[in-house]
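Asks: Below is a structure I'd like to ask you about.
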Amino acid sequence: MKRHIKVDFQAAAIPEFPDSLITKEKYSDLLPVGAVYGPNGGGKTNLLQALSCLISTVVKPIHDLEKNRLPLIMQQRIPYAPFLFDEESSGEPTEFQVYFRTGENEYRYYLALYKDEVVSESLDRKKIGGKKPAHIFDRERDEISLGASLSRANINTSVNAKMPFLSFLAINYNLPVIAEVQEWFESCIIRSYANPSAERQIMVSDNEAFKSQIVRLLNDMGIDITDYRFDEEEKQLFLRRTVQNKSYELSYGEESDGTKKLIAVLPVLLVALQEGRLVIIDELDAKLHPKLLRYVISLFKNRKVNRNGAQLLFTSHDMATMKNTVFRRDEIWFAVSNENHVSEIYSLYDIRCEDNERVNSTAAFDKQYLEGRYGADPYLQNMLSGGGWK
């Protein structure tokens with residue numbers, strides 16, 4: 001039995017925060033942010049890992065052979081893992097499909113894996129405003145057919161069963177259509193702060209403009225540093241503060257957990273905002289005060305800051321941020337595991353009330369979520385009312 005999970009960044013026709021949307025003439029509006037909520041074990045992380053698995057499966061062989069087009073790739077390898085709680089589906093290929101927009105084109109990329117081998121793969125392209133998509137290539141195991149944009153090139157279609165044909169083309173040929181797709185995959189940023197080691201992966205730069213932006217963002221968040229430096233001999237980052245006209249330095253290790261999290265995540269987000277990248281972050285809210293999380297979200301929802309259409313997809317347990325003053329209804333997603341341990345993914349906008357009306361945009365999202373009205377935490381109301389304790 002096939003299990004399907006889906007997240008959509010296309011904006012619904014609703015009135016909330018119209019000035020935050022990513023808009024362009026002739027293009028459908030896109031959301032800058034998607035937040036995924038749900039109980040432990042509900043499938044939040046699996047959703048992000050599925051998308052991350054697809055991205056890293058394409059990018060890893062390209063990067064390993066140093067054929068990447070972007071100088072800065074911020075990803076981690078997410079291994080392929082099928083759904084194991086069903087004998088039928090665990091013996092079937094795992095399928096991934098992503099639609100994305102880059103340049104003047106929209107692409108659909110499909111990949112099916114089974115036991116680490118490519119079973120099926122295809123890439124289609126449609127010009128923005130166009131009606132009919134064009135096939136770039138189709139693959140069924142070792143049978144590959146090329147679309148018109150590739151058929152005129154002298155392309156070898158003999159590829160290792162474990163390698164995506166998209167990666168093979170990016171490594172071996174200089175083809176404009178493949179380069180455009182390759183750069184989108186390479187631009188995606190993947191971070192998991194469920195793993196404490198992620199906070200030790202700090203990106204520093206000697207570029208003064210970049211440094212000043214990081215310092216300004218930290219100051220806006222209440223972290224009053226005046227400068228930072230990386231000591232090459234000690235392999236240590238130091239943050240400088242001025243107190244009563246005297247300058248003091250603290251090492252990164254001496255800072256609070258929240259400050260260390262901000263130092264780790266802000267440079268990543270700044271790169272995304274400057275270059276219009278997609279950022280996928282598991283547990284973005286870990287160790288962050290709700291006000292700081294709101295500030296991070298606001299960076300992506302502010303067109304003056306997010307001028308290049310960057311997008312943020314993250315998981316969270318922070319109820320204090322689940323507000324109609326922070327999110328549109330289509331920016332909030334829920335992940336819940338049913339009695340068969342199958343995850344269901346749906347947006348707040350998809351939910352219908354008893355009168356078949358949608359959840360009102362003025363509703364107290366956090367309160368209704370805790371009451372179990374959205375289905376993503378059916379046991380939480382019982383615990384809060386005392387029913388979970390004997």
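Each chain in the structure tokens gets a letter, A, B, ..., in the order shown, and its residues are numbered from 1; ligands are numbered from 1 in order too.
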For the contact check between segment 186-255 of chain A and segment 284-308 of chain A, emit one row per residue of segment 186-255 of chain A within 10 Å, containing the shortest atom pair and the distance in Å rounded to one decimal, counting only C-alpha atoms, chain then rising number order, as JSON lines.
Replies:
{"residue": "A:Arg191", "atom": "CA", "partner": "A:Leu284", "partner_atom": "CA", "distance": 8.8}
{"residue": "A:Ser192", "atom": "CA", "partner": "A:Leu284", "partner_atom": "CA", "distance": 7.9}
{"residue": "A:Tyr193", "atom": "CA", "partner": "A:Leu284", "partner_atom": "CA", "distance": 6.4}
{"residue": "A:Ala194", "atom": "CA", "partner": "A:Ala286", "partner_atom": "CA", "distance": 7.7}
{"residue": "A:Pro196", "atom": "CA", "partner": "A:Ala286", "partner_atom": "CA", "distance": 10.0}
{"residue": "A:Leu217", "atom": "CA", "partner": "A:Tyr295", "partner_atom": "CA", "distance": 9.6}
{"residue": "A:Leu218", "atom": "CA", "partner": "A:Leu292", "partner_atom": "CA", "distance": 9.9}
{"residue": "A:Asp220", "atom": "CA", "partner": "A:Tyr295", "partner_atom": "CA", "distance": 8.9}
{"residue": "A:Met221", "atom": "CA", "partner": "A:Leu292", "partner_atom": "CA", "distance": 6.3}
{"residue": "A:Gly222", "atom": "CA", "partner": "A:Leu292", "partner_atom": "CA", "distance": 9.0}
Asks: How would the residues just chosen look if you wrote them out with all heavy atoms as a PDB file, in the first residue's frame?
Replies:
ATOM      1  N   ARG A 191      19.722  21.479   7.693  1.00  0.00           N
ATOM      2  CA  ARG A 191      20.289  21.503   9.040  1.00  0.00           C
ATOM      3  C   ARG A 191      19.347  20.802  10.006  1.00  0.00           C
ATOM      4  O   ARG A 191      18.127  20.966   9.932  1.00  0.00           O
ATOM      5  CB  ARG A 191      20.523  22.943   9.524  1.00  0.00           C
ATOM      6  CG  ARG A 191      21.745  23.626   8.932  1.00  0.00           C
ATOM      7  CD  ARG A 191      23.008  23.024   9.523  1.00  0.00           C
ATOM      8  NE  ARG A 191      24.214  23.685   9.050  1.00  0.00           N
ATOM      9  CZ  ARG A 191      24.902  23.319   7.976  1.00  0.00           C
ATOM     10  NH1 ARG A 191      24.456  22.304   7.241  1.00  0.00           N
ATOM     11  NH2 ARG A 191      25.999  23.935   7.634  1.00  0.00           N
ATOM     12  N   SER A 192      19.893  20.034  10.948  1.00  0.00           N
ATOM     13  CA  SER A 192      19.099  19.394  11.995  1.00  0.00           C
ATOM     14  C   SER A 192      19.673  19.770  13.344  1.00  0.00           C
ATOM     15  O   SER A 192      20.780  19.349  13.700  1.00  0.00           O
ATOM     16  CB  SER A 192      19.098  17.869  11.835  1.00  0.00           C
ATOM     17  OG  SER A 192      18.449  17.271  12.956  1.00  0.00           O
ATOM     18  N   TYR A 193      18.921  20.570  14.107  1.00  0.00           N
ATOM     19  CA  TYR A 193      19.364  20.947  15.445  1.00  0.00           C
ATOM     20  C   TYR A 193      18.840  19.987  16.500  1.00  0.00           C
ATOM     21  O   TYR A 193      18.955  20.241  17.695  1.00  0.00           O
ATOM     22  CB  TYR A 193      18.982  22.395  15.728  1.00  0.00           C
ATOM     23  CG  TYR A 193      19.794  23.334  14.863  1.00  0.00           C
ATOM     24  CD1 TYR A 193      19.238  23.926  13.743  1.00  0.00           C
ATOM     25  CD2 TYR A 193      21.139  23.565  15.132  1.00  0.00           C
ATOM     26  CE1 TYR A 193      19.990  24.745  12.917  1.00  0.00           C
ATOM     27  CE2 TYR A 193      21.897  24.383  14.312  1.00  0.00           C
ATOM     28  CZ  TYR A 193      21.317  24.972  13.210  1.00  0.00           C
ATOM     29  OH  TYR A 193      22.081  25.776  12.387  1.00  0.00           O
ATOM     30  N   ALA A 194      18.246  18.860  16.032  1.00  0.00           N
ATOM     31  CA  ALA A 194      17.982  17.757  16.943  1.00  0.00           C
ATOM     32  C   ALA A 194      19.300  17.093  17.331  1.00  0.00           C
ATOM     33  O   ALA A 194      19.406  16.428  18.362  1.00  0.00           O
ATOM     34  CB  ALA A 194      17.059  16.742  16.278  1.00  0.00           C
ATOM     35  N   PRO A 196      22.952  17.734  18.591  1.00  0.00           N
ATOM     36  CA  PRO A 196      23.723  18.807  19.235  1.00  0.00           C
ATOM     37  C   PRO A 196      24.979  19.198  18.472  1.00  0.00           C
ATOM     38  O   PRO A 196      25.446  20.334  18.576  1.00  0.00           O
ATOM     39  CB  PRO A 196      24.077  18.208  20.606  1.00  0.00           C
ATOM     40  CG  PRO A 196      23.050  17.154  20.848  1.00  0.00           C
ATOM     41  CD  PRO A 196      22.726  16.591  19.504  1.00  0.00           C
ATOM     42  N   LEU A 217      22.228  41.695  13.422  1.00  0.00           N
ATOM     43  CA  LEU A 217      21.127  40.772  13.703  1.00  0.00           C
ATOM     44  C   LEU A 217      21.171  40.299  15.152  1.00  0.00           C
ATOM     45  O   LEU A 217      20.135  40.206  15.821  1.00  0.00           O
ATOM     46  CB  LEU A 217      21.194  39.576  12.754  1.00  0.00           C
ATOM     47  CG  LEU A 217      20.785  39.828  11.297  1.00  0.00           C
ATOM     48  CD1 LEU A 217      21.037  38.591  10.457  1.00  0.00           C
ATOM     49  CD2 LEU A 217      19.332  40.247  11.200  1.00  0.00           C
ATOM     50  N   LEU A 218      22.367  39.986  15.645  1.00  0.00           N
ATOM     51  CA  LEU A 218      22.492  39.557  17.040  1.00  0.00           C
ATOM     52  C   LEU A 218      22.074  40.676  17.987  1.00  0.00           C
ATOM     53  O   LEU A 218      21.394  40.438  18.991  1.00  0.00           O
ATOM     54  CB  LEU A 218      23.934  39.126  17.327  1.00  0.00           C
ATOM     55  CG  LEU A 218      24.356  37.781  16.717  1.00  0.00           C
ATOM     56  CD1 LEU A 218      25.860  37.591  16.823  1.00  0.00           C
ATOM     57  CD2 LEU A 218      23.639  36.617  17.409  1.00  0.00           C
ATOM     58  N   ASP A 220      19.940  43.038  17.309  1.00  0.00           N
ATOM     59  CA  ASP A 220      18.478  43.147  17.215  1.00  0.00           C
ATOM     60  C   ASP A 220      17.794  42.105  18.096  1.00  0.00           C
ATOM     61  O   ASP A 220      16.669  42.319  18.568  1.00  0.00           O
ATOM     62  CB  ASP A 220      18.022  42.944  15.764  1.00  0.00           C
ATOM     63  CG  ASP A 220      18.344  44.150  14.882  1.00  0.00           C
ATOM     64  OD1 ASP A 220      18.687  45.212  15.433  1.00  0.00           O
ATOM     65  OD2 ASP A 220      18.254  44.009  13.649  1.00  0.00           O
ATOM     66  N   MET A 221      18.466  40.971  18.311  1.00  0.00           N
ATOM     67  CA  MET A 221      17.902  39.896  19.122  1.00  0.00           C
ATOM     68  C   MET A 221      18.293  40.013  20.593  1.00  0.00           C
ATOM     69  O   MET A 221      17.996  39.121  21.383  1.00  0.00           O
ATOM     70  CB  MET A 221      18.372  38.540  18.584  1.00  0.00           C
ATOM     71  CG  MET A 221      17.811  38.212  17.219  1.00  0.00           C
ATOM     72  SD  MET A 221      18.413  36.604  16.660  1.00  0.00           S
ATOM     73  CE  MET A 221      17.259  36.259  15.332  1.00  0.00           C
ATOM     74  N   GLY A 222      18.972  41.092  20.943  1.00  0.00           N
ATOM     75  CA  GLY A 222      19.327  41.306  22.338  1.00  0.00           C
ATOM     76  C   GLY A 222      20.674  40.738  22.748  1.00  0.00           C
ATOM     77  O   GLY A 222      21.014  40.737  23.931  1.00  0.00           O
TER      78      GLY A 222
END
Asks: I want to know what sits within 10 Å of segment 67-77 of chain A, based on only C-alpha atoms, with residues of the same chain fewer than 5 positions away left out; could you give that as a ChimeraX atom specification?
Replies: /A:49,52-57,59-62,167,170-172,179-180,182-192,268,271,279-280
Asks: Find, counting only C-alpha atoms, the residue in A:Leu123, A:Ala209, A:Ala320, A:Ala11 that gets nearest to Ser145 of chain A.
Replies: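 Nearest candidate to Ser145 of chain A out of A:Leu123, A:Ala209, A:Ala320, A:Ala11: A:Leu123.
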Asks: From a DSSP pass on the backbone, collect the residues of segment 4-109 of chain A flagged as helix (DSSP H, G or I) and hand them back as a PyMOL selection string.
Replies: chain A and resi 18-20+44-64+87-90
Asks: Could you name the residues that touch segment 15-23 of chain A at 6 Å or less, counting only C-alpha atoms, but leaving out those on the same chain fewer than 5 positions away, as a VMD selection string?
Replies: chain A and resid 29 to 31 301 to 302 309 328
Asks: Residues of the last selection are to be written out with C-alpha atoms, as a CSV table (one decimal), in the first residue's frame.
Replies:
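Once written, selection_30.csv looks like this:
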chain,number,residue,atom,x,y,z
A,29,ASP,CA,2.3,33.3,-5.3
A,30,LEU,CA,4.6,31.3,-3.0
A,31,LEU,CA,4.9,31.1,0.7
A,301,LYS,CA,8.3,37.2,5.8
A,302,ASN,CA,9.7,40.7,5.3
A,309,GLY,CA,12.6,34.7,-2.5
A,328,ARG,CA,-1.0,32.4,7.7
Asks: Please provide as a VMD selection string all residues within 7 Å of Ile345 of chain A, with the sequence filter that same-chain residues fewer than 5 positions apart are discarded (counting only C-alpha atoms).
Replies: chain A and resid 5 to 6 333 to 336
Asks: By how many Å are atom CA of Ile144 of chain A and atom CA of Tyr99 of chain A apart?
Replies: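 It comes out at 21.2 Å.
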Asks: For Ser212 of chain A, work out the shell of residues within 12 Å, counting only C-alpha atoms and skipping chain neighbours fewer than 3 positions away, then give it as a CSV table (one decimal) with all heavy atoms, in the first residue's frame.
Replies:
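Once written, selection32.csv looks like this:
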chain,number,residue,atom,x,y,z
A,204,VAL,N,32.0,31.2,9.8
A,204,VAL,CA,32.5,32.5,10.1
A,204,VAL,C,33.0,33.1,8.8
A,204,VAL,O,33.4,32.3,7.9
A,204,VAL,CB,33.5,32.5,11.2
A,204,VAL,CG1,32.9,32.1,12.5
A,204,VAL,CG2,34.7,31.6,10.8
A,205,SER,N,33.1,34.4,8.7
A,205,SER,CA,33.6,35.0,7.5
A,205,SER,C,34.4,36.3,7.9
A,205,SER,O,34.0,37.0,8.9
A,205,SER,CB,32.5,35.4,6.6
A,205,SER,OG,32.9,36.2,5.5
A,206,ASP,N,35.5,36.5,7.2
A,206,ASP,CA,36.2,37.8,7.4
A,206,ASP,C,35.7,38.9,6.6
A,206,ASP,O,36.2,40.1,6.7
A,206,ASP,CB,37.7,37.5,7.0
A,206,ASP,CG,38.4,36.6,8.0
A,206,ASP,OD1,38.0,36.6,9.2
A,206,ASP,OD2,39.3,35.9,7.6
A,207,ASN,N,34.7,38.7,5.8
A,207,ASN,CA,34.1,39.7,5.0
A,207,ASN,C,33.4,40.7,6.0
A,207,ASN,O,32.5,40.4,6.7
A,207,ASN,CB,33.0,39.1,4.0
A,207,ASN,CG,32.4,40.2,3.2
A,207,ASN,OD1,31.5,40.9,3.6
A,207,ASN,ND2,32.8,40.3,1.9
A,208,GLU,N,33.8,42.0,5.9
A,208,GLU,CA,33.4,43.0,6.9
A,208,GLU,C,31.9,43.2,6.8
A,208,GLU,O,31.2,43.4,7.8
A,208,GLU,CB,34.2,44.3,6.8
A,208,GLU,CG,35.6,44.2,7.3
A,208,GLU,CD,35.7,43.7,8.7
A,208,GLU,OE1,34.8,44.2,9.5
A,208,GLU,OE2,36.6,43.0,9.1
A,209,ALA,N,31.4,43.3,5.5
A,209,ALA,CA,29.9,43.5,5.3
A,209,ALA,C,29.1,42.4,5.9
A,209,ALA,O,28.1,42.6,6.6
A,209,ALA,CB,29.6,43.7,3.9
A,215,VAL,N,26.5,40.8,13.3
A,215,VAL,CA,26.5,41.6,14.5
A,215,VAL,C,25.2,42.4,14.7
A,215,VAL,O,24.6,42.4,15.8
A,215,VAL,CB,27.7,42.5,14.6
A,215,VAL,CG1,27.6,43.5,15.8
A,215,VAL,CG2,29.0,41.7,14.7
A,216,ARG,N,24.7,43.0,13.6
A,216,ARG,CA,23.5,43.8,13.7
A,216,ARG,C,22.3,42.9,14.1
A,216,ARG,O,21.4,43.2,14.9
A,216,ARG,CB,23.2,44.5,12.4
A,216,ARG,CG,21.9,45.3,12.4
A,216,ARG,CD,21.9,46.2,11.2
A,216,ARG,NE,22.0,45.5,10.0
A,216,ARG,CZ,21.1,44.8,9.4
A,216,ARG,NH1,19.9,44.7,9.9
A,216,ARG,NH2,21.3,44.2,8.2
A,217,LEU,N,22.2,41.7,13.4
A,217,LEU,CA,21.1,40.8,13.7
A,217,LEU,C,21.2,40.3,15.2
A,217,LEU,O,20.1,40.2,15.8
A,217,LEU,CB,21.2,39.6,12.8
A,217,LEU,CG,20.8,39.8,11.3
A,217,LEU,CD1,21.0,38.6,10.5
A,217,LEU,CD2,19.3,40.2,11.2
A,218,LEU,N,22.4,40.0,15.6
A,218,LEU,CA,22.5,39.6,17.0
A,218,LEU,C,22.1,40.7,18.0
A,218,LEU,O,21.4,40.4,19.0
A,218,LEU,CB,23.9,39.1,17.3
A,218,LEU,CG,24.4,37.8,16.7
A,218,LEU,CD1,25.9,37.6,16.8
A,218,LEU,CD2,23.6,36.6,17.4
A,219,ASN,N,22.5,41.9,17.7
A,219,ASN,CA,22.1,43.1,18.5
A,219,ASN,C,20.6,43.2,18.5
A,219,ASN,O,19.9,43.5,19.5
A,219,ASN,CB,22.7,44.3,18.0
A,219,ASN,CG,24.2,44.4,18.3
A,219,ASN,OD1,24.9,45.3,17.8
A,219,ASN,ND2,24.7,43.4,19.1
A,225,ILE,N,26.8,42.1,21.3
A,225,ILE,CA,28.2,42.0,20.9
A,225,ILE,C,28.6,43.1,20.0
A,225,ILE,O,27.7,43.7,19.3
A,225,ILE,CB,28.6,40.6,20.3
A,225,ILE,CG1,28.0,40.5,18.9
A,225,ILE,CG2,28.1,39.4,21.2
A,225,ILE,CD1,28.6,39.3,18.1
A,226,THR,N,29.9,43.5,20.0
A,226,THR,CA,30.4,44.5,19.1
A,226,THR,C,31.2,44.0,18.0
A,226,THR,O,31.4,44.6,17.0
A,226,THR,CB,31.2,45.5,19.9
A,226,THR,OG1,32.3,44.9,20.6
A,226,THR,CG2,30.3,46.3,20.9
A,227,ASP,N,31.7,42.7,18.1
A,227,ASP,CA,32.5,42.1,17.1
A,227,ASP,C,32.8,40.7,17.4
A,227,ASP,O,32.4,40.2,18.5
A,227,ASP,CB,33.9,42.8,17.0
A,227,ASP,CG,34.6,42.6,15.7
A,227,ASP,OD1,34.1,41.9,14.8
A,227,ASP,OD2,35.8,43.0,15.5
A,228,TYR,N,33.3,39.9,16.5
A,228,TYR,CA,33.7,38.5,16.7
A,228,TYR,C,35.0,38.2,15.9
A,228,TYR,O,35.2,38.9,14.9
A,228,TYR,CB,32.6,37.5,16.5
A,228,TYR,CG,32.2,37.4,15.0
A,228,TYR,CD1,32.9,36.6,14.1
A,228,TYR,CD2,31.1,38.1,14.5
A,228,TYR,CE1,32.6,36.5,12.8
A,228,TYR,CE2,30.7,37.9,13.2
A,228,TYR,CZ,31.4,37.1,12.3
A,228,TYR,OH,31.1,37.0,11.0
A,267,PRO,N,24.3,32.9,10.5
A,267,PRO,CA,25.0,33.0,9.2
A,267,PRO,C,24.4,32.1,8.1
A,267,PRO,O,24.4,32.5,6.9
A,267,PRO,CB,26.4,32.5,9.6
A,267,PRO,CG,26.6,32.7,11.0
A,267,PRO,CD,25.2,32.5,11.6
A,270,LEU,N,21.4,34.0,6.9
A,270,LEU,CA,21.8,35.2,6.2
A,270,LEU,C,22.2,34.8,4.7
A,270,LEU,O,21.8,35.5,3.8
A,270,LEU,CB,22.9,35.9,6.9
A,270,LEU,CG,23.3,37.3,6.3
A,270,LEU,CD1,22.1,38.2,6.3
A,270,LEU,CD2,24.4,37.9,7.1
